[in-house]
file my_file-v4.txt (compact mmCIF, C-alpha atoms)
# COMPACT_ATOMS: atom_id res chain seq x y z
CA MET A 1 26.30 10.45 4.13
CA GLU A 2 23.27 11.56 2.12
CA LEU A 3 21.96 8.40 0.49
CA ARG A 4 19.27 9.96 -1.68
CA PRO A 5 21.48 11.00 -4.62
CA LEU A 6 23.23 7.63 -4.57
CA VAL A 7 19.98 5.70 -4.70
CA LEU A 8 18.62 7.94 -7.47
CA ALA A 9 21.85 7.55 -9.46
CA ILE A 10 21.84 3.77 -9.06
CA LEU A 11 18.25 3.63 -10.29
CA GLU A 12 18.97 5.88 -13.25
CA ALA A 13 20.00 3.07 -15.59
CA ARG A 14 17.14 0.65 -14.96
CA PRO A 15 14.54 -0.41 -12.39
CA LEU A 16 15.97 -2.40 -9.50
CA TYR A 17 14.68 -3.93 -6.26
CA GLY A 18 16.09 -3.25 -2.80
CA TYR A 19 18.62 -6.05 -2.58
CA GLU A 20 19.97 -5.21 -6.05
CA ILE A 21 20.36 -1.54 -5.05
CA VAL A 22 22.39 -2.58 -2.00
CA GLN A 23 24.58 -4.84 -4.14
CA ARG A 24 25.18 -2.11 -6.73
CA ALA A 25 26.11 0.39 -4.02
CA ARG A 26 28.52 -2.15 -2.56
CA ARG A 27 30.10 -2.99 -5.92
CA ARG A 28 30.36 0.55 -7.23
CA ALA A 29 31.45 2.38 -4.12
CA ASN A 30 32.21 -0.30 -1.55
CA LEU A 31 29.39 1.35 0.38
CA LYS A 32 28.20 -0.48 3.48
CA TRP A 33 25.36 0.57 5.71
CA GLU A 34 22.52 -0.97 7.68
CA GLU A 35 20.81 -2.41 4.64
CA GLY A 36 17.31 -2.24 6.09
CA THR A 37 17.44 1.54 6.33
CA LEU A 38 17.34 1.64 2.53
CA TYR A 39 13.66 0.68 2.54
CA PRO A 40 12.30 3.61 4.58
CA LEU A 41 14.31 5.86 2.23
CA LEU A 42 12.83 4.18 -0.85
CA HIS A 43 9.33 4.55 0.58
CA ARG A 44 9.99 8.23 1.37
CA LEU A 45 11.28 8.88 -2.14
CA GLU A 46 8.22 7.14 -3.53
CA ARG A 47 5.92 9.18 -1.32
CA ASP A 48 7.64 12.33 -2.53
CA GLY A 49 7.07 11.29 -6.14
CA LEU A 50 10.75 10.79 -7.04
CA LEU A 51 10.34 7.03 -7.42
CA ALA A 52 7.56 4.71 -8.44
CA SER A 53 7.41 1.01 -7.68
CA GLU A 54 5.85 -2.17 -8.91
CA TRP A 55 5.91 -5.80 -7.76
CA ARG A 56 7.23 -7.88 -10.66
CA LYS A 57 8.77 -11.28 -11.21
CA ALA A 58 12.56 -11.13 -10.84
CA PRO A 59 14.77 -13.34 -13.06
CA THR A 60 14.84 -15.78 -10.10
CA GLY A 61 11.07 -16.24 -10.55
CA LYS A 62 10.27 -14.57 -7.25
CA ASP A 63 8.16 -11.45 -6.85
CA ARG A 64 10.27 -8.42 -6.02
CA LYS A 65 9.35 -4.76 -5.66
CA TYR A 66 11.09 -2.85 -8.41
CA TYR A 67 11.73 0.87 -8.06
CA PHE A 68 12.21 3.23 -10.96
CA LEU A 69 12.83 6.95 -11.37
CA THR A 70 9.92 9.20 -12.20
CA ARG A 71 10.35 12.38 -14.23
CA ARG A 72 10.49 14.25 -10.92
CA GLY A 73 13.18 11.83 -9.73
CA LYS A 74 15.28 12.48 -12.82
CA THR A 75 15.00 16.24 -12.23
CA ALA A 76 15.99 15.76 -8.58
CA LEU A 77 18.99 13.65 -9.62
CA ALA A 78 20.13 16.31 -12.09
CA LYS A 79 19.87 18.92 -9.32
CA ASP A 80 21.74 16.68 -6.86
CA ARG A 81 24.51 16.25 -9.43
CA SER A 82 24.84 19.96 -10.05
CA ASP A 83 24.78 20.67 -6.27
CA TRP A 84 27.46 18.02 -5.77
CA LYS A 85 29.73 19.59 -8.41
CA VAL A 86 29.42 22.95 -6.65
CA GLN A 87 30.22 21.34 -3.28
CA VAL A 88 33.27 19.51 -4.67
CA ARG A 89 34.57 22.70 -6.29
CA VAL A 90 34.09 24.76 -3.14
CA VAL A 91 35.66 22.16 -0.86
CA SER A 92 38.55 21.60 -3.31
CA GLU A 93 39.25 25.30 -3.45
CA ILE A 94 39.34 25.54 0.32
CA LEU A 95 41.27 22.35 1.01
CA LEU A 96 43.62 22.37 -1.95
CA GLY A 97 43.81 26.11 -2.52
CA GLY A 98 43.55 28.13 -5.73
CA ARG A 99 40.98 28.07 -8.54
CA HIS A 100 42.75 25.35 -10.49
CA ALA A 101 43.20 22.96 -7.62
CA LYS A 102 43.17 19.36 -8.77
CA PRO A 103 42.61 16.25 -6.66
CA GLY A 104 45.91 14.82 -5.45
CA ARG A 105 47.70 18.18 -5.23
CA SER A 106 48.86 18.95 -1.73
CA ALA A 107 47.80 22.12 0.05
CA PRO A 108 50.34 24.94 0.05
CA MET B 109 12.92 -22.66 -1.37
CA PRO B 110 9.48 -22.47 0.33
CA ASN B 111 10.80 -23.86 3.64
CA ARG B 112 13.39 -21.11 3.90
CA GLU B 113 10.77 -18.46 3.13
CA GLU B 114 8.50 -19.82 5.83
CA ALA B 115 11.33 -20.10 8.37
CA LEU B 116 12.47 -16.53 7.70
CA ARG B 117 8.89 -15.29 7.98
CA LYS B 118 8.57 -16.96 11.40
CA ILE B 119 11.85 -15.45 12.60
CA PHE B 120 10.68 -12.06 11.36
CA GLU B 121 7.30 -12.41 13.11
CA ALA B 122 9.10 -13.41 16.33
CA THR B 123 10.96 -10.09 16.41
CA GLY B 124 7.70 -8.37 17.38
CA VAL B 125 8.37 -5.53 14.97
CA SER B 126 6.30 -6.94 12.14
CA ALA B 127 3.08 -5.68 13.74
CA ARG B 128 4.33 -2.14 13.18
CA LEU B 129 4.92 -2.71 9.48
CA THR B 130 2.47 -2.84 6.60
CA ASP B 131 2.17 -6.07 4.60
CA ASP B 132 4.06 -4.42 1.75
CA GLN B 133 6.95 -3.36 4.03
CA LYS B 134 7.16 -6.80 5.66
CA ARG B 135 7.13 -8.54 2.30
CA GLU B 136 9.88 -6.30 1.00
CA LEU B 137 12.16 -6.70 4.03
CA LEU B 138 11.64 -10.47 4.03
CA ALA B 139 12.47 -10.62 0.32
CA HIS B 140 15.70 -8.76 1.11
CA VAL B 141 16.67 -11.21 3.86
CA GLU B 142 15.77 -14.13 1.61
CA ASP B 143 17.97 -12.81 -1.22
CA ALA B 144 20.83 -12.18 1.22
CA VAL B 145 20.56 -15.69 2.69
CA GLU B 146 20.43 -17.24 -0.76
CA ALA B 147 23.55 -15.35 -1.85
CA LYS B 148 25.45 -16.35 1.29
CA VAL B 149 24.42 -19.99 1.08
CA GLY B 150 25.43 -19.93 -2.59
CA ALA B 151 28.84 -18.65 -1.48
CA GLY B 152 29.22 -21.59 0.89
CA VAL B 153 28.10 -20.10 4.20
CA PRO B 154 26.11 -22.60 6.32
CA GLU B 155 22.35 -21.85 6.30
CA MET B 156 21.98 -20.89 9.98
CA GLU B 157 25.04 -18.65 9.89
CA ALA B 158 23.76 -17.06 6.67
CA VAL B 159 20.41 -16.27 8.31
CA GLY B 160 22.16 -14.67 11.30
CA GLN B 161 24.41 -12.59 9.06
CA ALA B 162 21.50 -11.51 6.83
CA PHE B 163 19.44 -10.25 9.79
CA SER B 164 22.49 -8.58 11.29
CA GLU B 165 23.28 -6.77 8.03
CA LEU B 166 19.65 -5.72 7.69
CA GLY B 167 20.09 -3.72 10.88
CA ASP B 168 17.97 -2.76 13.86
CA LEU B 169 14.42 -3.68 12.83
CA GLU B 170 12.94 -1.49 15.56
CA LYS B 171 14.76 1.52 14.15
CA ILE B 172 13.89 0.64 10.56
CA ALA B 173 10.18 0.25 11.39
CA GLY B 174 10.24 3.72 12.96
CA GLN B 175 11.82 5.27 9.87
CA PHE B 176 9.11 4.30 7.38
CA PRO B 177 7.08 7.34 6.40
CA GLY B 178 3.41 7.53 7.35
CA PRO B 179 0.66 7.97 4.76
CA GLN B 180 1.04 11.14 2.75
CA PRO B 181 -1.45 13.85 3.66
CA VAL B 182 -3.34 15.35 0.70
CA ALA B 183 -3.83 18.57 2.62
CA VAL B 184 -3.37 19.96 6.08
CA THR B 185 -6.47 21.46 7.66
CA PRO B 186 -6.88 23.12 11.07
CA GLU B 187 -8.23 19.74 12.28
CA GLY B 188 -5.08 17.97 11.09
CA PRO B 189 -3.74 16.33 7.95
CA LEU B 190 -6.14 14.69 5.51
CA SER B 191 -4.82 11.29 4.63
CA LEU B 192 -5.37 9.48 1.34
CA GLU B 193 -5.44 6.27 3.36
CA THR B 194 -8.70 7.55 4.83
CA GLY B 195 -10.21 7.40 1.35
CA ARG B 196 -9.31 3.72 1.10
CA ALA B 197 -10.70 2.97 4.57
CA LEU B 198 -13.95 4.76 3.68
CA THR B 199 -14.20 2.77 0.46
CA TRP B 200 -13.74 -0.48 2.33
CA SER B 201 -16.45 0.53 4.81
CA ALA B 202 -18.68 1.31 1.81
CA PHE B 203 -18.01 -2.20 0.44
CA CYS B 204 -18.97 -3.72 3.80
CA PHE B 205 -22.29 -1.86 3.83
CA PHE B 206 -22.87 -2.84 0.23
CA ALA B 207 -22.21 -6.49 1.14
CA LEU B 208 -24.79 -6.13 3.93
CA PHE B 209 -27.24 -4.68 1.41
CA LEU B 210 -26.65 -7.67 -0.90
CA ALA B 211 -27.21 -10.08 2.00
CA LEU B 212 -30.47 -8.33 2.91
CA SER B 213 -31.55 -8.40 -0.73
CA TRP B 214 -30.94 -12.13 -0.92
CA TYR B 215 -32.22 -13.43 2.39
CA VAL B 216 -34.54 -10.88 4.01
CA THR B 217 -36.27 -8.86 1.31
CA PRO B 218 -37.92 -11.86 -0.47
CA LYS B 219 -39.50 -12.99 2.82
CA PHE B 220 -40.94 -9.52 3.47
CA ALA B 221 -42.10 -9.26 -0.17
CA ALA B 222 -43.96 -12.59 0.18
CA VAL B 223 -45.69 -11.41 3.36
CA PHE B 224 -46.70 -8.11 1.72
CA GLN B 225 -48.22 -10.03 -1.21
CA GLN B 226 -50.15 -12.41 1.07
CA VAL B 227 -51.71 -9.70 3.22
CA ARG B 228 -52.13 -7.37 0.21
CA VAL B 229 -50.95 -4.34 2.11
CA PRO B 230 -50.58 -1.18 -0.02
CA LEU B 231 -46.86 -0.51 -0.48
CA PRO B 232 -45.56 3.03 0.10
CA GLY B 233 -43.55 4.53 -2.76
CA LEU B 234 -40.29 4.21 -0.80
CA THR B 235 -40.89 0.49 -0.17
CA ALA B 236 -41.74 -0.16 -3.81
CA LEU B 237 -38.58 1.68 -4.89
CA PHE B 238 -36.25 -0.23 -2.56
CA LEU B 239 -37.92 -3.57 -3.35
CA THR B 240 -37.24 -2.89 -7.03
CA ILE B 241 -33.59 -1.93 -6.38
CA SER B 242 -33.16 -4.95 -4.13
CA GLN B 243 -34.66 -7.28 -6.74
CA GLY B 244 -32.22 -5.84 -9.28
CA PHE B 245 -29.34 -7.32 -7.27
CA ARG B 246 -30.98 -10.72 -6.75
CA PRO B 247 -30.16 -12.56 -9.97
CA LEU B 248 -27.09 -14.73 -9.40
CA PRO B 249 -25.14 -13.37 -12.40
CA VAL B 250 -25.56 -9.82 -11.06
CA LEU B 251 -24.30 -10.88 -7.63
CA LEU B 252 -21.38 -12.79 -9.13
CA GLY B 253 -20.59 -9.81 -11.36
CA VAL B 254 -20.40 -7.52 -8.33
CA VAL B 255 -18.17 -9.99 -6.44
CA VAL B 256 -15.86 -10.43 -9.46
CA LEU B 257 -15.69 -6.67 -10.04
CA LEU B 258 -14.75 -6.05 -6.39
CA SER B 259 -12.12 -8.83 -6.50
CA VAL B 260 -10.59 -7.42 -9.69
CA LEU B 261 -10.58 -3.89 -8.24
CA GLU B 262 -8.93 -5.13 -5.06
CA LYS B 263 -6.29 -7.16 -6.90
CA PHE B 264 -5.38 -4.77 -9.67
CA GLY B 265 -6.79 -1.44 -8.72
CA LEU B 266 -7.45 -0.50 -5.13
CA ARG B 267 -3.99 -1.38 -3.82
CA ARG B 268 -2.34 0.93 -6.31
CA ILE B 269 -4.92 3.65 -6.69
CA ARG B 270 -5.07 6.25 -4.00
CA ILE B 271 -8.71 7.03 -3.38
CA PRO B 272 -9.43 10.66 -2.51
CA ARG B 273 -11.43 11.07 0.67
CA PRO B 274 -14.47 12.77 -1.00
CA ILE B 275 -14.94 9.74 -3.28
CA GLY B 276 -14.72 7.44 -0.26
CA TYR B 277 -17.41 9.52 1.48
CA VAL B 278 -19.69 9.42 -1.58
CA LEU B 279 -19.39 5.62 -1.80
CA LEU B 280 -19.96 5.22 1.94
CA VAL B 281 -23.02 7.50 1.98
CA ALA B 282 -24.46 5.68 -1.06
CA SER B 283 -24.00 2.22 0.46
CA VAL B 284 -25.31 3.28 3.91
CA THR B 285 -28.33 4.87 2.18
CA LEU B 286 -29.02 1.59 0.37
CA CYS B 287 -28.82 -0.42 3.60
CA VAL B 288 -30.75 1.92 5.87
CA GLY B 289 -33.26 2.76 3.13
CA LEU B 290 -33.98 -0.92 2.52
CA VAL B 291 -34.47 -1.70 6.22
CA VAL B 292 -36.71 1.35 6.78
CA SER B 293 -38.72 0.69 3.61
CA LEU B 294 -39.36 -2.91 4.68
CA PHE B 295 -40.74 -1.80 8.02
CA LEU B 296 -43.01 0.98 6.67
CA PRO B 297 -45.79 -1.41 5.46
CA LEU B 298 -45.55 -3.26 8.77
CA VAL B 299 -46.42 -0.02 10.55
CA SER B 300 -49.54 0.30 8.32
CA LEU B 301 -50.41 -3.32 9.11
CA LEU B 302 -50.06 -2.79 12.86
CA GLU B 303 -52.16 0.37 12.65
CA GLY B 304 -54.89 -1.62 10.81
CA ILE B 305 -54.78 -4.36 13.45
CA SER B 306 -55.02 -1.89 16.33
CA ARG B 307 -58.07 -0.22 14.69
CA ARG B 308 -59.91 -3.56 14.65
call {"tool": "encode", "arguments": {"input": "my_file-v4.txt", "output": "structure tokens"}}
result
Amino acid sequence: MELRPLVLAILEARPLYGYEIVQRARRRANLKWEEGTLYPLLHRLERDGLLASEWRKAPTGKDRKYYFLTRRGKTALAKDRSDWKVQVRVVSEILLGGRHAKPGRSAP
Amino acid sequence: MPNREEALRKIFEATGVSARLTDDQKRELLAHVEDAVEAKVGAGVPEMEAVGQAFSELGDLEKIAGQFPGPQPVAVTPEGPLSLETGRALTWSAFCFFALFLALSWYVTPKFAAVFQQVRVPLPGLTALFLTISQGFRPLPVLLGVVVLLSVLEKFGLRRIRIPRPIGYVLLVASVTLCVGLVVSLFLPLVSLLEGISRR
């Protein structure tokens, strides 16, 4: 599964640090993965200019590295969303058949 | 809990992977494990079991370390990629040379200056110039100012600012010029002195 759009979408609302991102992914989509692999992805997205980061005090009083979307990140997220809609439509048409196929309808 | 932090750090160091990670990456992964352990302990899991689970959920550290991206190249030349990290390394080298220059200005230059005054040797222009520059860095407030400025830059600036390689080169060349120039300029009058002695 491509994690980039998920991470960008999770960070859309507000800056979060790694552990919070993992928790949100788990709560929102019951998504489980090797948690540590999130960090290379975050660093790659930061290197590519989609995210920026800053060490700040978390509500627990401990320093945590917060990530937030840059303008480029927001553009990338918008593109990921539009690409995803196209993919869903195409796959739905093929799997469910017909232009007006809706999720839950069985294939003919 | 400081004890937990320390214990987790030791476990992390023992994995042998930490050497392949930057301080920032290590700190971040450790913070993740710490948060996970805290959440599990809060949910009633015994501490040791929580630590085991947290590391297990983090995943294969060897694999994770290999997935972190390298420094971003600013450009790719026929000789290879130019890294912004090089700019930082050059700047640090420049600071080292500058520190050497400050040490020379404080401990060596005054002794040479005293000798030159005693023997009344005519000072070449280069020597006079570098003695003046060197004396400019001798007052304690100036030295402290430089140290404080470097500390502030390191704490708030250099870690976040990516220094382009040309700027790093300029700083390095400037600091090496100060060091080498000072040493050479101090020895120039000695050459005149030795020439005078050999003539007698």
call {"tool": "closest_residue", "arguments": {"input": "my_file-v4.txt", "among": "B:Leu298, B:Val125, B:Leu257, B:Val291", "to": "Ser213 (chain B)", "atoms": "only C-alpha atoms"}}
result
B:Val291
call {"tool": "interface_residues", "arguments": {"input": "my_file-v4.txt", "of": "chain B", "to": "chain A", "cutoff": "8 Å", "atoms": "all atoms listed in the file", "output": "PyMOL selection string"}}
result
chain B and resi 133+136-137+139-140+143-144+165-169+172-173+175-177+180
call {"tool": "atom_distance", "arguments": {"input": "my_file-v4.txt", "atom1": "CA of Gly49 (chain A)", "atom2": "CA of Val141 (chain B)"}}
result
26.4 Å
call {"tool": "closest_residue", "arguments": {"input": "my_file-v4.txt", "among": "B:Val149, B:Ala197, B:Leu252, B:Leu116", "to": "Pro274 (chain B)", "atoms": "only C-alpha atoms"}}
result
B:Ala197
call {"tool": "atom_distance", "arguments": {"input": "my_file-v4.txt", "atom1": "CA of Ala76 (chain A)", "atom2": "CA of Pro272 (chain B)"}}
result
26.6 Å
call {"tool": "residues_near_point", "arguments": {"input": "my_file-v4.txt", "point": "(13.1, 7.9, -9.8)", "cutoff": "7 Å", "atoms": "all atoms listed in the file", "output": "PDB file with C-alpha atoms, keeping the file's coordinate frame"}}
result
ATOM      1  CA  LEU A   8      18.620   7.940  -7.470  1.00  0.00           C
ATOM      2  CA  LEU A  11      18.250   3.630 -10.290  1.00  0.00           C
ATOM      3  CA  LEU A  50      10.750  10.790  -7.040  1.00  0.00           C
ATOM      4  CA  LEU A  51      10.340   7.030  -7.420  1.00  0.00           C
ATOM      5  CA  ALA A  52       7.560   4.710  -8.440  1.00  0.00           C
ATOM      6  CA  PHE A  68      12.210   3.230 -10.960  1.00  0.00           C
ATOM      7  CA  LEU A  69      12.830   6.950 -11.370  1.00  0.00           C
ATOM      8  CA  THR A  70       9.920   9.200 -12.200  1.00  0.00           C
ATOM      9  CA  ARG A  71      10.350  12.380 -14.230  1.00  0.00           C
ATOM     10  CA  ARG A  72      10.490  14.250 -10.920  1.00  0.00           C
ATOM     11  CA  GLY A  73      13.180  11.830  -9.730  1.00  0.00           C
ATOM     12  CA  LYS A  74      15.280  12.480 -12.820  1.00  0.00           C
TER      13      LYS A  74
END
call {"tool": "atom_distance", "arguments": {"input": "my_file-v4.txt", "atom1": "CA of Thr285 (chain B)", "atom2": "CA of Ile241 (chain B)"}}
result
12.1 Å
call {"tool": "residues_around", "arguments": {"input": "my_file-v4.txt", "residues": "Ile119 (chain B)", "least_positions_apart": "3", "cutoff": "12 Å", "atoms": "all atoms listed in the file", "output": "count of residues only"}}
result
18
call {"tool": "closest_residue", "arguments": {"input": "my_file-v4.txt", "among": "A:Arg81, A:Glu93, A:Arg4, A:Ala9", "to": "Arg24 (chain A)", "atoms": "only C-alpha atoms"}}
result
A:Ala9
call {"tool": "residues_around", "arguments": {"input": "my_file-v4.txt", "residues": "Lys148 (chain B)", "least_positions_apart": "2", "cutoff": "9 Å", "atoms": "all atoms listed in the file", "output": "PDB file with C-alpha atoms, in the coordinates of the input"}}
result
ATOM      1  CA  ASP B 143      17.970 -12.810  -1.220  1.00  0.00           C
ATOM      2  CA  ALA B 144      20.830 -12.180   1.220  1.00  0.00           C
ATOM      3  CA  VAL B 145      20.560 -15.690   2.690  1.00  0.00           C
ATOM      4  CA  GLU B 146      20.430 -17.240  -0.760  1.00  0.00           C
ATOM      5  CA  GLY B 150      25.430 -19.930  -2.590  1.00  0.00           C
ATOM      6  CA  ALA B 151      28.840 -18.650  -1.480  1.00  0.00           C
ATOM      7  CA  GLY B 152      29.220 -21.590   0.890  1.00  0.00           C
ATOM      8  CA  VAL B 153      28.100 -20.100   4.200  1.00  0.00           C
ATOM      9  CA  PRO B 154      26.110 -22.600   6.320  1.00  0.00           C
ATOM     10  CA  GLU B 155      22.350 -21.850   6.300  1.00  0.00           C
ATOM     11  CA  GLU B 157      25.040 -18.650   9.890  1.00  0.00           C
ATOM     12  CA  ALA B 158      23.760 -17.060   6.670  1.00  0.00           C
ATOM     13  CA  VAL B 159      20.410 -16.270   8.310  1.00  0.00           C
ATOM     14  CA  GLN B 161      24.410 -12.590   9.060  1.00  0.00           C
ATOM     15  CA  ALA B 162      21.500 -11.510   6.830  1.00  0.00           C
TER      16      ALA B 162
END
call {"tool": "closest_residue", "arguments": {"input": "my_file-v4.txt", "among": "A:Tyr67, A:Ala58, A:Ser92, A:Arg27", "to": "Val7 (chain A)", "atoms": "only C-alpha atoms"}}
result
A:Tyr67
call {"tool": "closest_residue", "arguments": {"input": "my_file-v4.txt", "among": "A:Leu16, A:Leu3, A:Ile10, A:Leu77", "to": "Pro59 (chain A)", "atoms": "all atoms listed in the file"}}
result
A:Leu16
call {"tool": "closest_residue", "arguments": {"input": "my_file-v4.txt", "among": "B:Val229, B:Ala222, B:Leu129, B:Val288", "to": "Ser300 (chain B)", "atoms": "all atoms listed in the file"}}
result
B:Val229
call {"tool": "build_atoms", "arguments": {"input": "my_file-v4.txt", "residues": "region 15-27 of chain A", "atoms": "N, CA and C atoms", "output": "PDB file, keeping the file's coordinate frame"}}
result
ATOM      1  N   PRO A  15      15.223  -0.104 -13.648  1.00  0.00           N
ATOM      2  CA  PRO A  15      14.540  -0.410 -12.390  1.00  0.00           C
ATOM      3  C   PRO A  15      15.245  -1.542 -11.633  1.00  0.00           C
ATOM      4  N   LEU A  16      15.323  -1.383 -10.330  1.00  0.00           N
ATOM      5  CA  LEU A  16      15.970  -2.400  -9.500  1.00  0.00           C
ATOM      6  C   LEU A  16      15.156  -2.600  -8.228  1.00  0.00           C
ATOM      7  N   TYR A  17      15.320  -3.756  -7.571  1.00  0.00           N
ATOM      8  CA  TYR A  17      14.680  -3.930  -6.260  1.00  0.00           C
ATOM      9  C   TYR A  17      15.718  -3.737  -5.160  1.00  0.00           C
ATOM     10  N   GLY A  18      15.237  -3.650  -3.925  1.00  0.00           N
ATOM     11  CA  GLY A  18      16.090  -3.250  -2.800  1.00  0.00           C
ATOM     12  C   GLY A  18      17.418  -3.962  -2.709  1.00  0.00           C
ATOM     13  N   TYR A  19      17.381  -5.303  -2.753  1.00  0.00           N
ATOM     14  CA  TYR A  19      18.620  -6.050  -2.580  1.00  0.00           C
ATOM     15  C   TYR A  19      19.616  -5.727  -3.699  1.00  0.00           C
ATOM     16  N   GLU A  20      19.098  -5.547  -4.923  1.00  0.00           N
ATOM     17  CA  GLU A  20      19.970  -5.210  -6.050  1.00  0.00           C
ATOM     18  C   GLU A  20      20.607  -3.830  -5.844  1.00  0.00           C
ATOM     19  N   ILE A  21      19.832  -2.896  -5.297  1.00  0.00           N
ATOM     20  CA  ILE A  21      20.360  -1.540  -5.050  1.00  0.00           C
ATOM     21  C   ILE A  21      21.536  -1.617  -4.069  1.00  0.00           C
ATOM     22  N   VAL A  22      21.324  -2.417  -3.003  1.00  0.00           N
ATOM     23  CA  VAL A  22      22.390  -2.580  -2.000  1.00  0.00           C
ATOM     24  C   VAL A  22      23.645  -3.174  -2.644  1.00  0.00           C
ATOM     25  N   GLN A  23      23.443  -4.192  -3.479  1.00  0.00           N
ATOM     26  CA  GLN A  23      24.580  -4.840  -4.140  1.00  0.00           C
ATOM     27  C   GLN A  23      25.329  -3.880  -5.058  1.00  0.00           C
ATOM     28  N   ARG A  24      24.545  -3.085  -5.805  1.00  0.00           N
ATOM     29  CA  ARG A  24      25.180  -2.110  -6.730  1.00  0.00           C
ATOM     30  C   ARG A  24      26.005  -1.096  -5.944  1.00  0.00           C
ATOM     31  N   ALA A  25      25.417  -0.614  -4.836  1.00  0.00           N
ATOM     32  CA  ALA A  25      26.110   0.390  -4.020  1.00  0.00           C
ATOM     33  C   ALA A  25      27.415  -0.203  -3.485  1.00  0.00           C
ATOM     34  N   ARG A  26      27.339  -1.483  -3.109  1.00  0.00           N
ATOM     35  CA  ARG A  26      28.520  -2.150  -2.560  1.00  0.00           C
ATOM     36  C   ARG A  26      29.579  -2.318  -3.640  1.00  0.00           C
ATOM     37  N   ARG A  27      29.147  -2.735  -4.834  1.00  0.00           N
ATOM     38  CA  ARG A  27      30.100  -2.990  -5.920  1.00  0.00           C
ATOM     39  C   ARG A  27      30.729  -1.698  -6.436  1.00  0.00           C
TER      40      ARG A  27
END
